[in-house]
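Have a look at the structure below before the remarks.
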Amino acid sequence: MAFEGLTGRLQNVFSKLRGKGKVSEDDVNEAMREVRLALLEADVNFKVVKEFVAKVKEKSIGKEVMDSFTPGMIIIDIVNKELTELMGGSQAKLAKANKGPTVIMMVGLQGAGKTTTSAKLAKLLQKQNSRPLLVAADIYRPAAIKQLEVLGEQIKVPVFSLGDKVSPVEIAKQGLQHAKDNGNDYLIVDTAGRLHIDEELMEELRQIHTEVNPDEVLLVVDAMTGQDAVNVADNFNTQLTLTGVVLTKLDGDTRGGAALSVKAVTGCPIKFAALGEKIDALEPFHPERMASRILG
Ligand code: GDP
């Protein structure tokens, strides 16, 4: 299960603290040393860990906490709050266009879960009484168009496609017109991914961006890839200005690094979390719930 190692290690640290009626500065230092190691082992970015531990320490060491009746509990609470902050503080909501369809561009590396997540997001919006249109603009991965069409059929959301012989920029443009003509309030554009970030991919994404002027550019990243996911996010963000991140495969045994670092490193909020292959396994990301889950 996700975060298992981290949760276990943090619980260990906290049970020691909780057992003490009185907490000394040495106890806090020792606990923070262990928290630091636990986070590093969970593949959290080194700088992020350093700042996190410094903040928790600063808030924990002091008369107010140490003289209280339940210092251990207060420190756990501080960690909980700081973890929540680290992941963005509060839920980052999806933007909504003032007029016309809200355009969401889905980007990411191949295999991250872009196509699946596009359909999951369509389903989520449909459940909120919206009328999304999916656009199949990934013409390079064999079967990506068919995959989206099959998913669309399954959830009864229309899929706009022009096959794989028309340029993705043109597909996105015509998709947007189609949404306007048919009164769709959301347009979800599934773009192509590559195995690695390359200039050609970025250029094409920039062109689509210019063409459809998206309200959201969501980067889909595989949480299982840890710091690599964060590096990918950082790179995409400098080239394309992301508005949010979707973390996928949080149902796997991810150590936590991506979830805990991506907002701090890129400044981009995590907007959704995908927790399985099933079509309804996507939920809005709640930092406070994730923090509680990590603490176990
Ligand atoms: P794309 O290349 O980015 O479009 O990736 P796909 O949408 O085709 O997904 C790649 C694989 O990851 C597929 O087998 C999906 O079923 C799987 N996948 C996507 N999201 C999740 C998730 O949240 N959990 C799990 N376990 N698998 C996922």
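Ordering of the structure tokens sets the chain letters (A, B, ...), residue numbers begin anew at 1 in every chain, and ligands are numbered from 1 in the order given.
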Would you pick out the contacts of Ala54 (chain A) at 10 Å or less, using only C-alpha atoms, so that residues sharing its chain but fewer than 5 positions from it are not included, and give the list as a VMD selection string?
chain A and resid 32 36 48 to 49 59 to 60
For Lys180 (chain A), list every protein, DNA or RNA residue within 8 Å, evaluated using only C-alpha atoms, and leave out those in the same chain fewer than 4 positions away; present the list as an MDAnalysis selection string.
chainID A and resid 100:101 176 184
Using the selection just defined, write its residues with N, CA, C and O atoms as a PDB file, in the first residue's frame.
ATOM      1  N   GLY A 100     -18.276  30.016 -22.427  1.00  0.00           N
ATOM      2  CA  GLY A 100     -17.873  28.912 -23.299  1.00  0.00           C
ATOM      3  C   GLY A 100     -17.302  27.751 -22.518  1.00  0.00           C
ATOM      4  O   GLY A 100     -17.266  27.776 -21.289  1.00  0.00           O
ATOM      5  N   PRO A 101     -16.886  26.723 -23.227  1.00  0.00           N
ATOM      6  CA  PRO A 101     -16.388  25.534 -22.517  1.00  0.00           C
ATOM      7  C   PRO A 101     -15.087  25.792 -21.747  1.00  0.00           C
ATOM      8  O   PRO A 101     -14.233  26.547 -22.192  1.00  0.00           O
ATOM      9  N   LEU A 176     -12.581  21.978 -30.088  1.00  0.00           N
ATOM     10  CA  LEU A 176     -13.108  23.128 -29.352  1.00  0.00           C
ATOM     11  C   LEU A 176     -14.347  23.698 -30.059  1.00  0.00           C
ATOM     12  O   LEU A 176     -15.355  24.003 -29.408  1.00  0.00           O
ATOM     13  N   ASN A 184     -21.145  21.768 -25.078  1.00  0.00           N
ATOM     14  CA  ASN A 184     -20.376  21.078 -24.023  1.00  0.00           C
ATOM     15  C   ASN A 184     -19.731  22.130 -23.129  1.00  0.00           C
ATOM     16  O   ASN A 184     -19.199  23.116 -23.618  1.00  0.00           O
TER      17      ASN A 184
END
Using only C-alpha atoms and all ligand atoms, which residues of chain A come within 7 Å of ligand 1, and what is the closest atom pair for each, with the distance in Å to one decimal? Give it as JSON lines, sorted by chain and residue number.
{"residue": "A:Gly108", "atom": "CA", "partner": "ligand 1", "partner_atom_place_in_ligand_line": "3 (O)", "distance": 6.4}
{"residue": "A:Leu109", "atom": "CA", "partner": "ligand 1", "partner_atom_place_in_ligand_line": "3 (O)", "distance": 6.0}
{"residue": "A:Gln110", "atom": "CA", "partner": "ligand 1", "partner_atom_place_in_ligand_line": "2 (O)", "distance": 3.8}
{"residue": "A:Gly111", "atom": "CA", "partner": "ligand 1", "partner_atom_place_in_ligand_line": "2 (O)", "distance": 3.5}
{"residue": "A:Ala112", "atom": "CA", "partner": "ligand 1", "partner_atom_place_in_ligand_line": "3 (O)", "distance": 4.0}
{"residue": "A:Gly113", "atom": "CA", "partner": "ligand 1", "partner_atom_place_in_ligand_line": "5 (O)", "distance": 3.3}
{"residue": "A:Lys114", "atom": "CA", "partner": "ligand 1", "partner_atom_place_in_ligand_line": "3 (O)", "distance": 3.5}
{"residue": "A:Thr115", "atom": "CA", "partner": "ligand 1", "partner_atom_place_in_ligand_line": "4 (O)", "distance": 3.7}
{"residue": "A:Thr116", "atom": "CA", "partner": "ligand 1", "partner_atom_place_in_ligand_line": "7 (O)", "distance": 3.7}
{"residue": "A:Thr117", "atom": "CA", "partner": "ligand 1", "partner_atom_place_in_ligand_line": "7 (O)", "distance": 6.1}
{"residue": "A:Ala144", "atom": "CA", "partner": "ligand 1", "partner_atom_place_in_ligand_line": "4 (O)", "distance": 6.8}
{"residue": "A:Gly193", "atom": "CA", "partner": "ligand 1", "partner_atom_place_in_ligand_line": "2 (O)", "distance": 6.3}
{"residue": "A:Thr248", "atom": "CA", "partner": "ligand 1", "partner_atom_place_in_ligand_line": "23 (O)", "distance": 4.1}
{"residue": "A:Lys249", "atom": "CA", "partner": "ligand 1", "partner_atom_place_in_ligand_line": "24 (N)", "distance": 3.5}
{"residue": "A:Leu250", "atom": "CA", "partner": "ligand 1", "partner_atom_place_in_ligand_line": "23 (O)", "distance": 5.9}
{"residue": "A:Asp251", "atom": "CA", "partner": "ligand 1", "partner_atom_place_in_ligand_line": "24 (N)", "distance": 5.7}
{"residue": "A:Gly252", "atom": "CA", "partner": "ligand 1", "partner_atom_place_in_ligand_line": "26 (N)", "distance": 6.0}
{"residue": "A:Ala274", "atom": "CA", "partner": "ligand 1", "partner_atom_place_in_ligand_line": "23 (O)", "distance": 3.9}
{"residue": "A:Leu275", "atom": "CA", "partner": "ligand 1", "partner_atom_place_in_ligand_line": "23 (O)", "distance": 4.2}
{"residue": "A:Gly276", "atom": "CA", "partner": "ligand 1", "partner_atom_place_in_ligand_line": "24 (N)", "distance": 3.5}
{"residue": "A:Glu277", "atom": "CA", "partner": "ligand 1", "partner_atom_place_in_ligand_line": "27 (N)", "distance": 4.4}
{"residue": "A:Ala281", "atom": "CA", "partner": "ligand 1", "partner_atom_place_in_ligand_line": "23 (O)", "distance": 6.8}
Those residues you just picked out, can you put them in a file as a CSV table (one decimal), in the first residue's frame with N, CA, C and O atoms?
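What follows is the written file selection-v2.csv:
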chain,number,residue,atom,x,y,z
A,108,GLY,N,1.6,15.0,-20.2
A,108,GLY,CA,2.4,14.1,-19.4
A,108,GLY,C,3.2,13.1,-20.2
A,108,GLY,O,3.0,13.0,-21.4
A,109,LEU,N,4.0,12.3,-19.6
A,109,LEU,CA,4.8,11.3,-20.3
A,109,LEU,C,3.9,10.1,-20.6
A,109,LEU,O,3.0,9.8,-19.9
A,110,GLN,N,4.3,9.4,-21.6
A,110,GLN,CA,3.6,8.2,-22.0
A,110,GLN,C,3.6,7.2,-20.9
A,110,GLN,O,4.6,7.0,-20.2
A,111,GLY,N,2.4,6.6,-20.6
A,111,GLY,CA,2.3,5.6,-19.6
A,111,GLY,C,2.0,6.1,-18.2
A,111,GLY,O,1.7,5.4,-17.3
A,112,ALA,N,2.0,7.5,-18.1
A,112,ALA,CA,1.7,8.1,-16.8
A,112,ALA,C,0.2,7.9,-16.4
A,112,ALA,O,-0.2,7.8,-15.2
A,113,GLY,N,-0.6,7.7,-17.4
A,113,GLY,CA,-2.1,7.5,-17.1
A,113,GLY,C,-2.9,8.6,-17.7
A,113,GLY,O,-4.1,8.8,-17.2
A,114,LYS,N,-2.4,9.3,-18.7
A,114,LYS,CA,-3.1,10.5,-19.3
A,114,LYS,C,-4.5,10.1,-19.9
A,114,LYS,O,-5.5,10.8,-19.5
A,115,THR,N,-4.5,9.1,-20.7
A,115,THR,CA,-5.7,8.8,-21.4
A,115,THR,C,-6.8,8.3,-20.4
A,115,THR,O,-7.9,8.7,-20.4
A,116,THR,N,-6.4,7.4,-19.5
A,116,THR,CA,-7.2,6.9,-18.5
A,116,THR,C,-7.8,8.0,-17.6
A,116,THR,O,-9.0,8.1,-17.3
A,117,THR,N,-6.9,8.9,-17.2
A,117,THR,CA,-7.3,10.0,-16.3
A,117,THR,C,-8.2,11.0,-17.0
A,117,THR,O,-9.1,11.6,-16.4
A,144,ALA,N,-4.1,4.8,-28.8
A,144,ALA,CA,-4.6,5.8,-27.8
A,144,ALA,C,-6.0,6.3,-28.1
A,144,ALA,O,-6.8,6.5,-27.2
A,193,GLY,N,2.0,11.8,-25.2
A,193,GLY,CA,3.1,11.8,-24.3
A,193,GLY,C,4.3,11.2,-25.1
A,193,GLY,O,4.1,10.6,-26.1
A,248,THR,N,-1.1,9.9,-10.3
A,248,THR,CA,-1.8,8.6,-10.6
A,248,THR,C,-1.1,7.5,-9.8
A,248,THR,O,0.0,7.7,-9.3
A,249,LYS,N,-1.7,6.4,-9.8
A,249,LYS,CA,-1.2,5.2,-9.2
A,249,LYS,C,-0.8,5.3,-7.7
A,249,LYS,O,0.1,4.6,-7.2
A,250,LEU,N,-1.6,6.1,-7.0
A,250,LEU,CA,-1.4,6.2,-5.6
A,250,LEU,C,-1.9,5.0,-4.9
A,250,LEU,O,-1.8,4.8,-3.7
A,251,ASP,N,-2.6,4.1,-5.7
A,251,ASP,CA,-3.0,2.8,-5.1
A,251,ASP,C,-1.8,1.8,-5.0
A,251,ASP,O,-1.9,0.8,-4.3
A,252,GLY,N,-0.8,2.1,-5.8
A,252,GLY,CA,0.4,1.2,-5.7
A,252,GLY,C,1.2,1.4,-4.5
A,252,GLY,O,0.9,2.2,-3.6
A,274,ALA,N,-5.4,9.8,-8.5
A,274,ALA,CA,-5.9,8.6,-9.1
A,274,ALA,C,-5.5,7.4,-8.3
A,274,ALA,O,-4.3,7.2,-8.0
A,275,LEU,N,-6.5,6.6,-7.9
A,275,LEU,CA,-6.2,5.5,-6.9
A,275,LEU,C,-6.6,4.1,-7.5
A,275,LEU,O,-7.0,3.3,-6.7
A,276,GLY,N,-6.4,3.9,-8.8
A,276,GLY,CA,-6.8,2.6,-9.3
A,276,GLY,C,-7.1,2.7,-10.8
A,276,GLY,O,-7.1,3.8,-11.4
A,277,GLU,N,-7.2,1.5,-11.4
A,277,GLU,CA,-7.4,1.5,-12.9
A,277,GLU,C,-8.8,1.7,-13.2
A,277,GLU,O,-9.1,2.1,-14.4
A,281,ALA,N,-12.0,5.7,-10.2
A,281,ALA,CA,-10.9,5.8,-9.2
A,281,ALA,C,-10.1,7.1,-9.4
A,281,ALA,O,-8.9,7.1,-9.5
All residues 12 Å or closer to Phe46 (chain A), only C-alpha atoms, same chain fewer than 3 positions away omitted, as number ranges by chain
A: 36-43, 49-53, 227, 257, 260-261, 264-265
Given the selection you just returned, output its residues as a file containing all heavy atoms, formatted as a compact mmCIF listing (two decimals), in the first residue's frame.
# COMPACT_ATOMS: atom_id res chain seq x y z
N ARG A 36 13.29 13.22 9.60
CA ARG A 36 14.09 13.58 8.43
C ARG A 36 14.49 12.33 7.64
O ARG A 36 14.31 12.26 6.42
CB ARG A 36 15.34 14.34 8.91
CG ARG A 36 16.26 14.76 7.83
CD ARG A 36 17.43 15.58 8.39
NE ARG A 36 18.45 15.71 7.37
CZ ARG A 36 19.40 14.81 7.16
NH1 ARG A 36 19.49 13.75 7.94
NH2 ARG A 36 20.26 14.98 6.19
N LEU A 37 14.98 11.33 8.37
CA LEU A 37 15.39 10.08 7.70
C LEU A 37 14.20 9.38 7.05
O LEU A 37 14.29 8.87 5.93
CB LEU A 37 16.04 9.13 8.71
CG LEU A 37 17.45 9.52 9.16
CD1 LEU A 37 17.94 8.58 10.25
CD2 LEU A 37 18.42 9.49 7.96
N ALA A 38 13.07 9.39 7.75
CA ALA A 38 11.86 8.74 7.22
C ALA A 38 11.44 9.40 5.91
O ALA A 38 11.10 8.73 4.93
CB ALA A 38 10.73 8.81 8.24
N LEU A 39 11.48 10.74 5.87
CA LEU A 39 11.07 11.46 4.67
C LEU A 39 12.06 11.23 3.52
O LEU A 39 11.66 11.03 2.38
CB LEU A 39 10.94 12.96 4.96
CG LEU A 39 9.77 13.35 5.86
CD1 LEU A 39 9.85 14.82 6.24
CD2 LEU A 39 8.42 13.07 5.18
N LEU A 40 13.34 11.23 3.86
CA LEU A 40 14.34 10.98 2.81
C LEU A 40 14.18 9.58 2.24
O LEU A 40 14.27 9.37 1.04
CB LEU A 40 15.76 11.17 3.37
CG LEU A 40 16.17 12.61 3.64
CD1 LEU A 40 17.54 12.66 4.31
CD2 LEU A 40 16.21 13.42 2.34
N GLU A 41 13.93 8.64 3.13
CA GLU A 41 13.74 7.27 2.67
C GLU A 41 12.48 7.13 1.82
O GLU A 41 12.41 6.27 0.95
CB GLU A 41 13.65 6.34 3.88
CG GLU A 41 14.12 4.95 3.57
CD GLU A 41 14.49 4.23 4.84
OE1 GLU A 41 15.62 4.45 5.34
OE2 GLU A 41 13.65 3.48 5.34
N ALA A 42 11.49 8.00 2.08
CA ALA A 42 10.26 7.97 1.28
C ALA A 42 10.47 8.72 -0.04
O ALA A 42 9.51 8.98 -0.76
CB ALA A 42 9.11 8.58 2.07
N ASP A 43 11.73 9.11 -0.30
CA ASP A 43 12.07 9.74 -1.57
C ASP A 43 11.51 11.17 -1.70
O ASP A 43 11.18 11.61 -2.79
CB ASP A 43 11.58 8.86 -2.74
CG ASP A 43 12.29 9.19 -4.05
OD1 ASP A 43 13.41 9.73 -4.00
OD2 ASP A 43 11.71 8.93 -5.11
N VAL A 49 12.71 18.35 2.50
CA VAL A 49 12.83 17.71 3.81
C VAL A 49 13.50 18.66 4.80
O VAL A 49 13.05 18.84 5.94
CB VAL A 49 13.67 16.40 3.72
CG1 VAL A 49 13.94 15.83 5.10
CG2 VAL A 49 12.97 15.38 2.84
N LYS A 50 14.56 19.29 4.34
CA LYS A 50 15.34 20.18 5.20
C LYS A 50 14.45 21.32 5.73
O LYS A 50 14.42 21.60 6.94
CB LYS A 50 16.49 20.74 4.38
CG LYS A 50 17.68 21.12 5.21
CD LYS A 50 18.87 21.44 4.33
CE LYS A 50 19.67 22.52 5.03
NZ LYS A 50 20.60 23.19 4.16
N GLU A 51 13.73 21.94 4.82
CA GLU A 51 12.87 23.05 5.22
C GLU A 51 11.73 22.59 6.13
O GLU A 51 11.37 23.26 7.09
CB GLU A 51 12.30 23.75 3.98
CG GLU A 51 13.32 24.68 3.34
CD GLU A 51 12.93 25.12 1.94
OE1 GLU A 51 11.73 25.04 1.60
OE2 GLU A 51 13.84 25.53 1.19
N PHE A 52 11.19 21.44 5.78
CA PHE A 52 10.08 20.89 6.57
C PHE A 52 10.50 20.66 8.01
O PHE A 52 9.84 21.09 8.96
CB PHE A 52 9.60 19.59 5.91
CG PHE A 52 8.49 18.91 6.65
CD1 PHE A 52 7.17 19.29 6.44
CD2 PHE A 52 8.74 17.90 7.57
CE1 PHE A 52 6.14 18.68 7.12
CE2 PHE A 52 7.71 17.29 8.27
CZ PHE A 52 6.41 17.68 8.03
N VAL A 53 11.61 19.97 8.17
CA VAL A 53 12.09 19.63 9.52
C VAL A 53 12.42 20.91 10.31
O VAL A 53 12.10 21.02 11.49
CB VAL A 53 13.29 18.66 9.45
CG1 VAL A 53 13.95 18.51 10.81
CG2 VAL A 53 12.84 17.31 8.92
N GLN A 227 10.86 10.87 -7.18
CA GLN A 227 11.53 12.13 -7.56
C GLN A 227 11.55 12.37 -9.06
O GLN A 227 11.58 13.51 -9.50
CB GLN A 227 12.96 12.17 -7.02
CG GLN A 227 13.03 12.52 -5.55
CD GLN A 227 12.10 13.65 -5.19
OE1 GLN A 227 12.31 14.77 -5.60
NE2 GLN A 227 11.04 13.35 -4.47
N GLY A 257 7.24 10.19 -2.09
CA GLY A 257 8.09 11.30 -2.52
C GLY A 257 7.41 12.31 -3.43
O GLY A 257 7.51 13.52 -3.20
N LEU A 260 4.59 14.37 -1.73
CA LEU A 260 5.05 15.32 -0.73
C LEU A 260 5.97 16.41 -1.29
O LEU A 260 6.17 17.43 -0.64
CB LEU A 260 5.77 14.57 0.40
CG LEU A 260 4.82 13.82 1.32
CD1 LEU A 260 5.57 12.85 2.20
CD2 LEU A 260 4.02 14.79 2.18
N SER A 261 6.53 16.20 -2.46
CA SER A 261 7.48 17.20 -2.97
C SER A 261 6.96 18.06 -4.10
O SER A 261 7.43 19.18 -4.29
CB SER A 261 8.76 16.53 -3.49
OG SER A 261 9.20 15.49 -2.68
N ALA A 264 5.82 21.73 -3.44
CA ALA A 264 6.90 22.58 -2.92
C ALA A 264 7.94 22.88 -4.00
O ALA A 264 8.45 23.99 -4.09
CB ALA A 264 7.55 21.92 -1.72
N VAL A 265 8.25 21.90 -4.83
CA VAL A 265 9.29 22.09 -5.84
C VAL A 265 8.79 22.93 -7.02
O VAL A 265 9.50 23.81 -7.51
CB VAL A 265 9.84 20.73 -6.34
CG1 VAL A 265 10.80 20.92 -7.51
CG2 VAL A 265 10.55 20.00 -5.20
Residues near Asp27 (chain A), cut-off 10 Å, only C-alpha atoms, skip fewer than 5 positions along chain, as a PDB file with all heavy atoms, in the first residue's frame:
ATOM      1  N   LYS A  16       7.020   7.129  20.519  1.00  0.00           N
ATOM      2  CA  LYS A  16       8.043   7.451  21.533  1.00  0.00           C
ATOM      3  C   LYS A  16       7.728   8.791  22.195  1.00  0.00           C
ATOM      4  O   LYS A  16       7.807   8.942  23.404  1.00  0.00           O
ATOM      5  CB  LYS A  16       9.424   7.529  20.870  1.00  0.00           C
ATOM      6  CG  LYS A  16      10.091   6.171  20.747  1.00  0.00           C
ATOM      7  CD  LYS A  16      11.550   6.333  20.342  1.00  0.00           C
ATOM      8  CE  LYS A  16      11.841   5.525  19.083  1.00  0.00           C
ATOM      9  NZ  LYS A  16      13.046   5.922  18.383  1.00  0.00           N
ATOM     10  N   LEU A  17       7.377   9.772  21.368  1.00  0.00           N
ATOM     11  CA  LEU A  17       7.069  11.108  21.900  1.00  0.00           C
ATOM     12  C   LEU A  17       5.834  11.090  22.790  1.00  0.00           C
ATOM     13  O   LEU A  17       5.791  11.718  23.839  1.00  0.00           O
ATOM     14  CB  LEU A  17       6.808  12.093  20.754  1.00  0.00           C
ATOM     15  CG  LEU A  17       8.000  12.778  20.096  1.00  0.00           C
ATOM     16  CD1 LEU A  17       7.493  13.733  19.038  1.00  0.00           C
ATOM     17  CD2 LEU A  17       8.857  13.531  21.111  1.00  0.00           C
ATOM     18  N   LYS A  20       5.964  10.118  26.427  1.00  0.00           N
ATOM     19  CA  LYS A  20       6.651  10.968  27.410  1.00  0.00           C
ATOM     20  C   LYS A  20       5.703  12.015  28.000  1.00  0.00           C
ATOM     21  O   LYS A  20       4.965  12.663  27.267  1.00  0.00           O
ATOM     22  CB  LYS A  20       7.811  11.714  26.740  1.00  0.00           C
ATOM     23  CG  LYS A  20       8.965  10.816  26.351  1.00  0.00           C
ATOM     24  CD  LYS A  20      10.035  11.641  25.666  1.00  0.00           C
ATOM     25  CE  LYS A  20      11.074  10.783  24.967  1.00  0.00           C
ATOM     26  NZ  LYS A  20      11.957  10.034  25.864  1.00  0.00           N
ATOM     27  N   LYS A  22       6.917  14.508  29.656  1.00  0.00           N
ATOM     28  CA  LYS A  22       7.679  15.739  29.492  1.00  0.00           C
ATOM     29  C   LYS A  22       8.599  15.550  28.285  1.00  0.00           C
ATOM     30  O   LYS A  22       9.207  14.497  28.124  1.00  0.00           O
ATOM     31  CB  LYS A  22       8.526  15.934  30.772  1.00  0.00           C
ATOM     32  CG  LYS A  22       8.968  17.325  30.990  1.00  0.00           C
ATOM     33  CD  LYS A  22       8.114  17.998  32.105  1.00  0.00           C
ATOM     34  CE  LYS A  22       8.336  19.500  32.095  1.00  0.00           C
ATOM     35  NZ  LYS A  22       7.262  20.243  31.455  1.00  0.00           N
ATOM     36  N   MET A  32      13.070  14.694  15.335  1.00  0.00           N
ATOM     37  CA  MET A  32      13.175  15.344  14.032  1.00  0.00           C
ATOM     38  C   MET A  32      14.241  14.687  13.155  1.00  0.00           C
ATOM     39  O   MET A  32      14.137  14.660  11.939  1.00  0.00           O
ATOM     40  CB  MET A  32      13.466  16.841  14.187  1.00  0.00           C
ATOM     41  CG  MET A  32      12.277  17.637  14.691  1.00  0.00           C
ATOM     42  SD  MET A  32      10.775  17.270  13.750  1.00  0.00           S
ATOM     43  CE  MET A  32       9.692  16.734  15.060  1.00  0.00           C
ATOM     44  N   ARG A  33      15.271  14.167  13.797  1.00  0.00           N
ATOM     45  CA  ARG A  33      16.297  13.445  13.052  1.00  0.00           C
ATOM     46  C   ARG A  33      15.655  12.208  12.398  1.00  0.00           C
ATOM     47  O   ARG A  33      15.901  11.898  11.241  1.00  0.00           O
ATOM     48  CB  ARG A  33      17.416  13.017  14.010  1.00  0.00           C
ATOM     49  CG  ARG A  33      18.768  12.773  13.355  1.00  0.00           C
ATOM     50  CD  ARG A  33      19.791  12.329  14.400  1.00  0.00           C
ATOM     51  NE  ARG A  33      19.421  11.062  15.013  1.00  0.00           N
ATOM     52  CZ  ARG A  33      19.662   9.870  14.468  1.00  0.00           C
ATOM     53  NH1 ARG A  33      20.289   9.786  13.324  1.00  0.00           N
ATOM     54  NH2 ARG A  33      19.275   8.768  15.079  1.00  0.00           N
ATOM     55  N   ILE A  61       9.959  23.422  19.486  1.00  0.00           N
ATOM     56  CA  ILE A  61      10.837  23.754  20.602  1.00  0.00           C
ATOM     57  C   ILE A  61      10.406  25.095  21.173  1.00  0.00           C
ATOM     58  O   ILE A  61      10.418  26.101  20.493  1.00  0.00           O
ATOM     59  CB  ILE A  61      12.318  23.788  20.154  1.00  0.00           C
ATOM     60  CG1 ILE A  61      12.749  22.369  19.765  1.00  0.00           C
ATOM     61  CG2 ILE A  61      13.212  24.333  21.276  1.00  0.00           C
ATOM     62  CD1 ILE A  61      14.165  22.254  19.263  1.00  0.00           C
ATOM     63  N   GLY A  72       3.776  15.587  23.250  1.00  0.00           N
ATOM     64  CA  GLY A  72       3.871  14.654  22.117  1.00  0.00           C
ATOM     65  C   GLY A  72       2.744  14.872  21.127  1.00  0.00           C
ATOM     66  O   GLY A  72       2.952  14.970  19.916  1.00  0.00           O
TER      67      GLY A  72
END
How many Å separate CA of Val13 (chain A) from CA of Ala259 (chain A)?
21.0 Å
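Using only C-alpha atoms, the shortest contact distance between Gly62 (chain A) and any of A:Gln91, A:Ser118, A:Ser24, A:Asn80 is found at A:Ser24.
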Give me, as a PyMOL selection string, the residues of region 45-269 of chain A that a backbone DSSP run labels alpha helix (DSSP H).
chain A and resi 46-60+63-66+71-86+114-127+144-155+168-182+199-212+227-240+257-266
Test item: residues at most 6 Å from region 211-215 of chain A, only C-alpha atoms, excluding those fewer than 3 positions along its chain, as JSON, numbers by chain
{"A": [103, 104, 208]}
Closest of A:Ala223, A:Met87, A:Val230, A:Ala119 to Gly256 (chain A) - atom-to-atom distances counting only C-alpha atoms:
A:Ala223
